[in-house]
Amino acid sequence: MQESEKEYLNRGTGQRLFFYDTTLTSPLRIRSIFRSNSKIPPLHYHPHQEEYFEVVEGEVTLNVDGKVYNLSTGEHIAIMAGQVHAMWNPNKVRAVVNWTVDPPLGSMGFLKRMTALSRPEGEKRTLTDTFKMIKLMVVYHREIRVTGMMALFVKSCYIIGLPFRHLHMFLTKFFSARRVTTSSNI
């Protein structure tokens, strides 16, 4: 299988993703490179997908349903749909993991958009960035869901922000329609 030459970098965690050639019906295959001492990502789960991870270099740590596992080169783990998990590299050397998502659903789109929205560690996220990330979590709710306080925050922001989004869409249409009407009268 051919690995993509394009790198998708999560600037917050330092995780680098390379997608293998895949089709809409075949499992999504990814090579993930974790920098040393990577940040712990939010706990999350996939309601309709299973994941399979195989460590090909280094070591990673996983939290799966509250239990912590350390995997070394050659070891693997399967994460079933609905299992809450997170993976990171707390070690002093990088780690490389082959990662399979089945069925793929929209996971490639989610990961590409998420890496595009990521900010370098320590850089403040703008309010616009925060709302874009919330929208991303809502759009890809079939693929991924966060847990705990973060889930509550995402849901609350979405519910509170929905009327403002509708107002923004209405005003945008209203003023663009007025511009067309005004310019055609000239």
# chains A, B, ... in the order shown; residues from 1 in each chain; ligands from 1
$ residues_around --residues "A:Phe19" --least-positions-apart "5" --cutoff "12 Å" --atoms "only C-alpha atoms" --output "VMD selection string"
chain A and resid 1 to 9 27 to 33 98 to 101 104 107 to 109 111 to 112
$ write_last_selection --atoms "C-alpha atoms" --output "PDB file, in the first residue's frame"
ATOM      1  CA  MET A   1       0.000   0.000   0.000  1.00  0.00           C
ATOM      2  CA  GLN A   2       1.299   3.463  -0.901  1.00  0.00           C
ATOM      3  CA  GLU A   3       1.751   5.958   1.951  1.00  0.00           C
ATOM      4  CA  SER A   4       0.702   9.540   1.243  1.00  0.00           C
ATOM      5  CA  GLU A   5       3.595  11.947   0.850  1.00  0.00           C
ATOM      6  CA  LYS A   6       1.484  14.722   2.370  1.00  0.00           C
ATOM      7  CA  GLU A   7       1.970  15.172   6.076  1.00  0.00           C
ATOM      8  CA  TYR A   8      -0.841  16.378   8.310  1.00  0.00           C
ATOM      9  CA  LEU A   9       0.636  17.916  11.458  1.00  0.00           C
ATOM     10  CA  PRO A  27     -10.609   0.511   6.280  1.00  0.00           C
ATOM     11  CA  LEU A  28      -8.741   3.803   6.692  1.00  0.00           C
ATOM     12  CA  ARG A  29      -5.014   3.199   7.245  1.00  0.00           C
ATOM     13  CA  ILE A  30      -2.779   5.830   8.804  1.00  0.00           C
ATOM     14  CA  ARG A  31       0.846   6.036   9.894  1.00  0.00           C
ATOM     15  CA  SER A  32       1.000   8.208  12.995  1.00  0.00           C
ATOM     16  CA  ILE A  33       4.264   9.626  14.299  1.00  0.00           C
ATOM     17  CA  ASN A  98       0.181   2.042  12.249  1.00  0.00           C
ATOM     18  CA  TRP A  99      -3.467   2.865  12.792  1.00  0.00           C
ATOM     19  CA  THR A 100      -6.553   1.342  11.145  1.00  0.00           C
ATOM     20  CA  VAL A 101     -10.105   2.721  11.383  1.00  0.00           C
ATOM     21  CA  PRO A 104     -13.682   4.696   7.724  1.00  0.00           C
ATOM     22  CA  SER A 107     -12.542   9.988   9.693  1.00  0.00           C
ATOM     23  CA  MET A 108     -10.039  11.142   7.066  1.00  0.00           C
ATOM     24  CA  GLY A 109     -11.965  14.394   6.599  1.00  0.00           C
ATOM     25  CA  LEU A 111      -8.460  14.314  10.913  1.00  0.00           C
ATOM     26  CA  LYS A 112      -7.439  16.601   8.038  1.00  0.00           C
TER      27      LYS A 112
END
$ residues_around --residues "A:Lys39" --least-positions-apart "3" --cutoff "12 Å" --atoms "only C-alpha atoms" --output "PyMOL selection string"
chain A and resi 10-15+34-36+42+60-61+86-91+120-122
$ write_last_selection --atoms "N, CA and C atoms" --output "short mmCIF file (atom, residue, chain, number, x, y, z; two decimals), in the first residue's frame"
data_model
loop_
_atom_site.label_atom_id
_atom_site.label_comp_id
_atom_site.auth_asym_id
_atom_site.auth_seq_id
_atom_site.Cartn_x
_atom_site.Cartn_y
_atom_site.Cartn_z
N ASN A 10 -0.54 17.89 13.57
CA ASN A 10 -1.30 18.50 14.66
C ASN A 10 -0.30 19.34 15.43
N ARG A 11 -0.37 20.65 15.26
CA ARG A 11 0.63 21.54 15.86
C ARG A 11 0.53 21.61 17.37
N GLY A 12 -0.61 21.20 17.95
CA GLY A 12 -0.76 21.21 19.40
C GLY A 12 -0.10 20.02 20.06
N THR A 13 -0.28 18.83 19.47
CA THR A 13 0.28 17.60 20.07
C THR A 13 1.58 17.17 19.42
N GLY A 14 1.87 17.71 18.23
CA GLY A 14 3.06 17.30 17.50
C GLY A 14 2.88 16.00 16.73
N GLN A 15 1.69 15.44 16.75
CA GLN A 15 1.41 14.19 16.04
C GLN A 15 1.38 14.45 14.53
N PHE A 34 4.33 10.08 16.67
CA PHE A 34 4.18 10.87 17.88
C PHE A 34 5.54 11.43 18.28
N ARG A 35 5.62 12.73 18.46
CA ARG A 35 6.88 13.31 18.95
C ARG A 35 7.12 12.85 20.38
N SER A 36 8.34 13.03 20.84
CA SER A 36 8.65 12.67 22.23
C SER A 36 7.87 13.59 23.17
N PRO A 42 -7.58 14.66 24.40
CA PRO A 42 -8.82 14.45 25.16
C PRO A 42 -9.31 13.00 25.04
N VAL A 60 4.17 3.75 23.24
CA VAL A 60 3.08 4.70 23.47
C VAL A 60 2.31 4.28 24.71
N THR A 61 1.57 5.21 25.26
CA THR A 61 0.71 4.95 26.41
C THR A 61 -0.73 5.19 25.97
N ALA A 86 -7.57 7.30 24.71
CA ALA A 86 -6.63 8.34 24.26
C ALA A 86 -5.25 7.69 24.18
N MET A 87 -4.42 8.18 23.25
CA MET A 87 -3.07 7.64 23.07
C MET A 87 -2.07 8.80 22.99
N TRP A 88 -0.91 8.60 23.60
CA TRP A 88 0.13 9.62 23.56
C TRP A 88 1.48 8.96 23.80
N ASN A 89 2.54 9.76 23.65
CA ASN A 89 3.91 9.27 23.82
C ASN A 89 4.58 10.08 24.93
N PRO A 90 4.68 9.54 26.15
CA PRO A 90 5.31 10.27 27.25
C PRO A 90 6.83 10.08 27.30
N ASN A 91 7.38 9.38 26.32
CA ASN A 91 8.79 8.99 26.35
C ASN A 91 9.70 10.03 25.70
N PRO A 120 -0.11 25.71 17.65
CA PRO A 120 1.08 25.28 18.39
C PRO A 120 0.83 25.35 19.90
N GLU A 121 1.41 24.42 20.62
CA GLU A 121 1.26 24.39 22.07
C GLU A 121 1.67 25.74 22.64
N GLY A 122 0.84 26.29 23.52
CA GLY A 122 1.14 27.58 24.14
C GLY A 122 0.50 28.75 23.40
#
$ select_by_dssp --residues "stretch 10-185 of chain A" --states "alpha helix (DSSP H)" --output "VMD selection string"
chain A and resid 107 to 117 127 to 139 148 to 185
$ closest_residue --among "A:Leu117, A:Asp102, A:Phe53, A:Met80" --to "A:Thr22" --atoms "only C-alpha atoms"
A:Asp102
$ atom_distance --atom1 "atom CA of A:Thr115" --atom2 "atom CA of A:Ile40"
15.4 Å
$ atom_distance --atom1 "atom CA of A:Gln49" --atom2 "atom CA of A:Phe131"
25.4 Å
$ closest_residue --among "A:Gly148, A:Pro103, A:Gly74, A:Gly66" --to "A:Pro47" --atoms "only C-alpha atoms"
A:Pro103
$ select_by_dssp --residues "stretch 78-111 of chain A" --states "strand (DSSP E)" --output "ChimeraX atom specification"
/A:78-79,85-88,95-102
$ write_last_selection --atoms "all heavy atoms" --output "CSV table (one decimal), in the first residue's frame"
chain,number,residue,atom,x,y,z
A,78,ALA,N,-6.6,-3.5,20.0
A,78,ALA,CA,-7.9,-3.2,19.2
A,78,ALA,C,-8.8,-2.4,20.2
A,78,ALA,O,-9.0,-2.8,21.4
A,78,ALA,CB,-8.6,-4.5,18.8
A,79,ILE,N,-9.4,-1.3,19.7
A,79,ILE,CA,-10.3,-0.5,20.4
A,79,ILE,C,-11.7,-0.7,19.8
A,79,ILE,O,-11.8,-0.4,18.6
A,79,ILE,CB,-9.9,1.0,20.4
A,79,ILE,CG1,-8.5,1.2,20.8
A,79,ILE,CG2,-10.9,1.8,21.2
A,79,ILE,CD1,-8.2,0.9,22.2
A,85,HIS,N,-11.1,6.3,25.0
A,85,HIS,CA,-9.6,6.1,24.9
A,85,HIS,C,-8.9,7.3,24.5
A,85,HIS,O,-9.5,8.3,24.1
A,85,HIS,CB,-9.3,5.0,23.9
A,85,HIS,CG,-9.7,5.3,22.5
A,85,HIS,ND1,-11.0,5.2,22.1
A,85,HIS,CD2,-9.0,5.8,21.4
A,85,HIS,CE1,-11.1,5.6,20.8
A,85,HIS,NE2,-9.8,5.9,20.4
A,86,ALA,N,-7.6,7.3,24.7
A,86,ALA,CA,-6.6,8.3,24.3
A,86,ALA,C,-5.3,7.7,24.2
A,86,ALA,O,-5.0,6.8,24.9
A,86,ALA,CB,-6.6,9.5,25.2
A,87,MET,N,-4.4,8.2,23.2
A,87,MET,CA,-3.1,7.6,23.1
A,87,MET,C,-2.1,8.8,23.0
A,87,MET,O,-2.4,9.8,22.4
A,87,MET,CB,-3.0,6.8,21.8
A,87,MET,CG,-1.6,6.2,21.5
A,87,MET,SD,-1.4,5.4,19.9
A,87,MET,CE,-2.7,4.1,20.1
A,88,TRP,N,-0.9,8.6,23.6
A,88,TRP,CA,0.1,9.6,23.6
A,88,TRP,C,1.5,9.0,23.8
A,88,TRP,O,1.6,7.8,24.1
A,88,TRP,CB,-0.1,10.7,24.6
A,88,TRP,CG,0.0,10.3,26.0
A,88,TRP,CD1,1.0,10.4,26.9
A,88,TRP,CD2,-1.1,9.6,26.8
A,88,TRP,NE1,0.7,9.9,28.1
A,88,TRP,CE2,-0.5,9.4,28.1
A,88,TRP,CE3,-2.3,9.2,26.5
A,88,TRP,CZ2,-1.3,8.8,29.1
A,88,TRP,CZ3,-3.1,8.5,27.5
A,88,TRP,CH2,-2.5,8.3,28.8
A,95,ALA,N,7.6,7.9,18.7
A,95,ALA,CA,7.0,6.6,18.5
A,95,ALA,C,6.2,6.6,17.2
A,95,ALA,O,5.7,7.7,16.7
A,95,ALA,CB,6.0,6.4,19.6
A,96,VAL,N,6.2,5.5,16.5
A,96,VAL,CA,5.5,5.4,15.2
A,96,VAL,C,4.5,4.3,15.3
A,96,VAL,O,4.8,3.2,15.8
A,96,VAL,CB,6.5,5.1,14.0
A,96,VAL,CG1,5.7,4.9,12.7
A,96,VAL,CG2,7.6,6.1,14.0
A,97,VAL,N,3.2,4.6,14.9
A,97,VAL,CA,2.1,3.6,15.1
A,97,VAL,C,1.4,3.5,13.8
A,97,VAL,O,1.0,4.5,13.2
A,97,VAL,CB,1.1,4.1,16.2
A,97,VAL,CG1,-0.1,3.2,16.3
A,97,VAL,CG2,1.9,4.3,17.6
A,98,ASN,N,1.1,2.3,13.4
A,98,ASN,CA,0.2,2.0,12.2
A,98,ASN,C,-1.2,1.9,12.8
A,98,ASN,O,-1.4,1.2,13.8
A,98,ASN,CB,0.5,0.8,11.5
A,98,ASN,CG,1.8,1.0,10.6
A,98,ASN,OD1,2.1,2.1,10.3
A,98,ASN,ND2,2.4,-0.1,10.2
A,99,TRP,N,-2.1,2.7,12.2
A,99,TRP,CA,-3.5,2.9,12.8
A,99,TRP,C,-4.5,2.5,11.7
A,99,TRP,O,-4.4,3.0,10.6
A,99,TRP,CB,-3.5,4.3,13.2
A,99,TRP,CG,-4.7,4.9,13.7
A,99,TRP,CD1,-5.9,4.4,14.1
A,99,TRP,CD2,-4.9,6.4,13.9
A,99,TRP,NE1,-6.8,5.3,14.5
A,99,TRP,CE2,-6.2,6.5,14.4
A,99,TRP,CE3,-4.1,7.5,13.7
A,99,TRP,CZ2,-6.7,7.8,14.7
A,99,TRP,CZ3,-4.6,8.7,14.0
A,99,TRP,CH2,-5.9,8.9,14.5
A,100,THR,N,-5.5,1.7,12.1
A,100,THR,CA,-6.6,1.3,11.1
A,100,THR,C,-7.9,1.7,11.8
A,100,THR,O,-8.1,1.4,12.9
A,100,THR,CB,-6.5,-0.2,10.9
A,100,THR,OG1,-5.2,-0.5,10.3
A,100,THR,CG2,-7.6,-0.6,9.9
A,101,VAL,N,-8.8,2.3,11.0
A,101,VAL,CA,-10.1,2.7,11.4
A,101,VAL,C,-11.1,2.0,10.5
A,101,VAL,O,-11.0,2.1,9.2
A,101,VAL,CB,-10.3,4.2,11.3
A,101,VAL,CG1,-11.7,4.6,11.8
A,101,VAL,CG2,-9.2,5.0,12.0
A,102,ASP,N,-12.0,1.3,11.1
A,102,ASP,CA,-13.0,0.5,10.3
A,102,ASP,C,-14.4,0.5,10.9
A,102,ASP,O,-14.5,0.2,12.1
A,102,ASP,CB,-12.5,-1.0,10.2
A,102,ASP,CG,-13.2,-1.8,9.1
A,102,ASP,OD1,-13.8,-1.2,8.2
A,102,ASP,OD2,-13.2,-3.0,9.3
$ closest_residue --among "A:Glu123, A:His141, A:Thr147, A:Leu17" --to "A:Asp65" --atoms "only C-alpha atoms"
A:Thr147
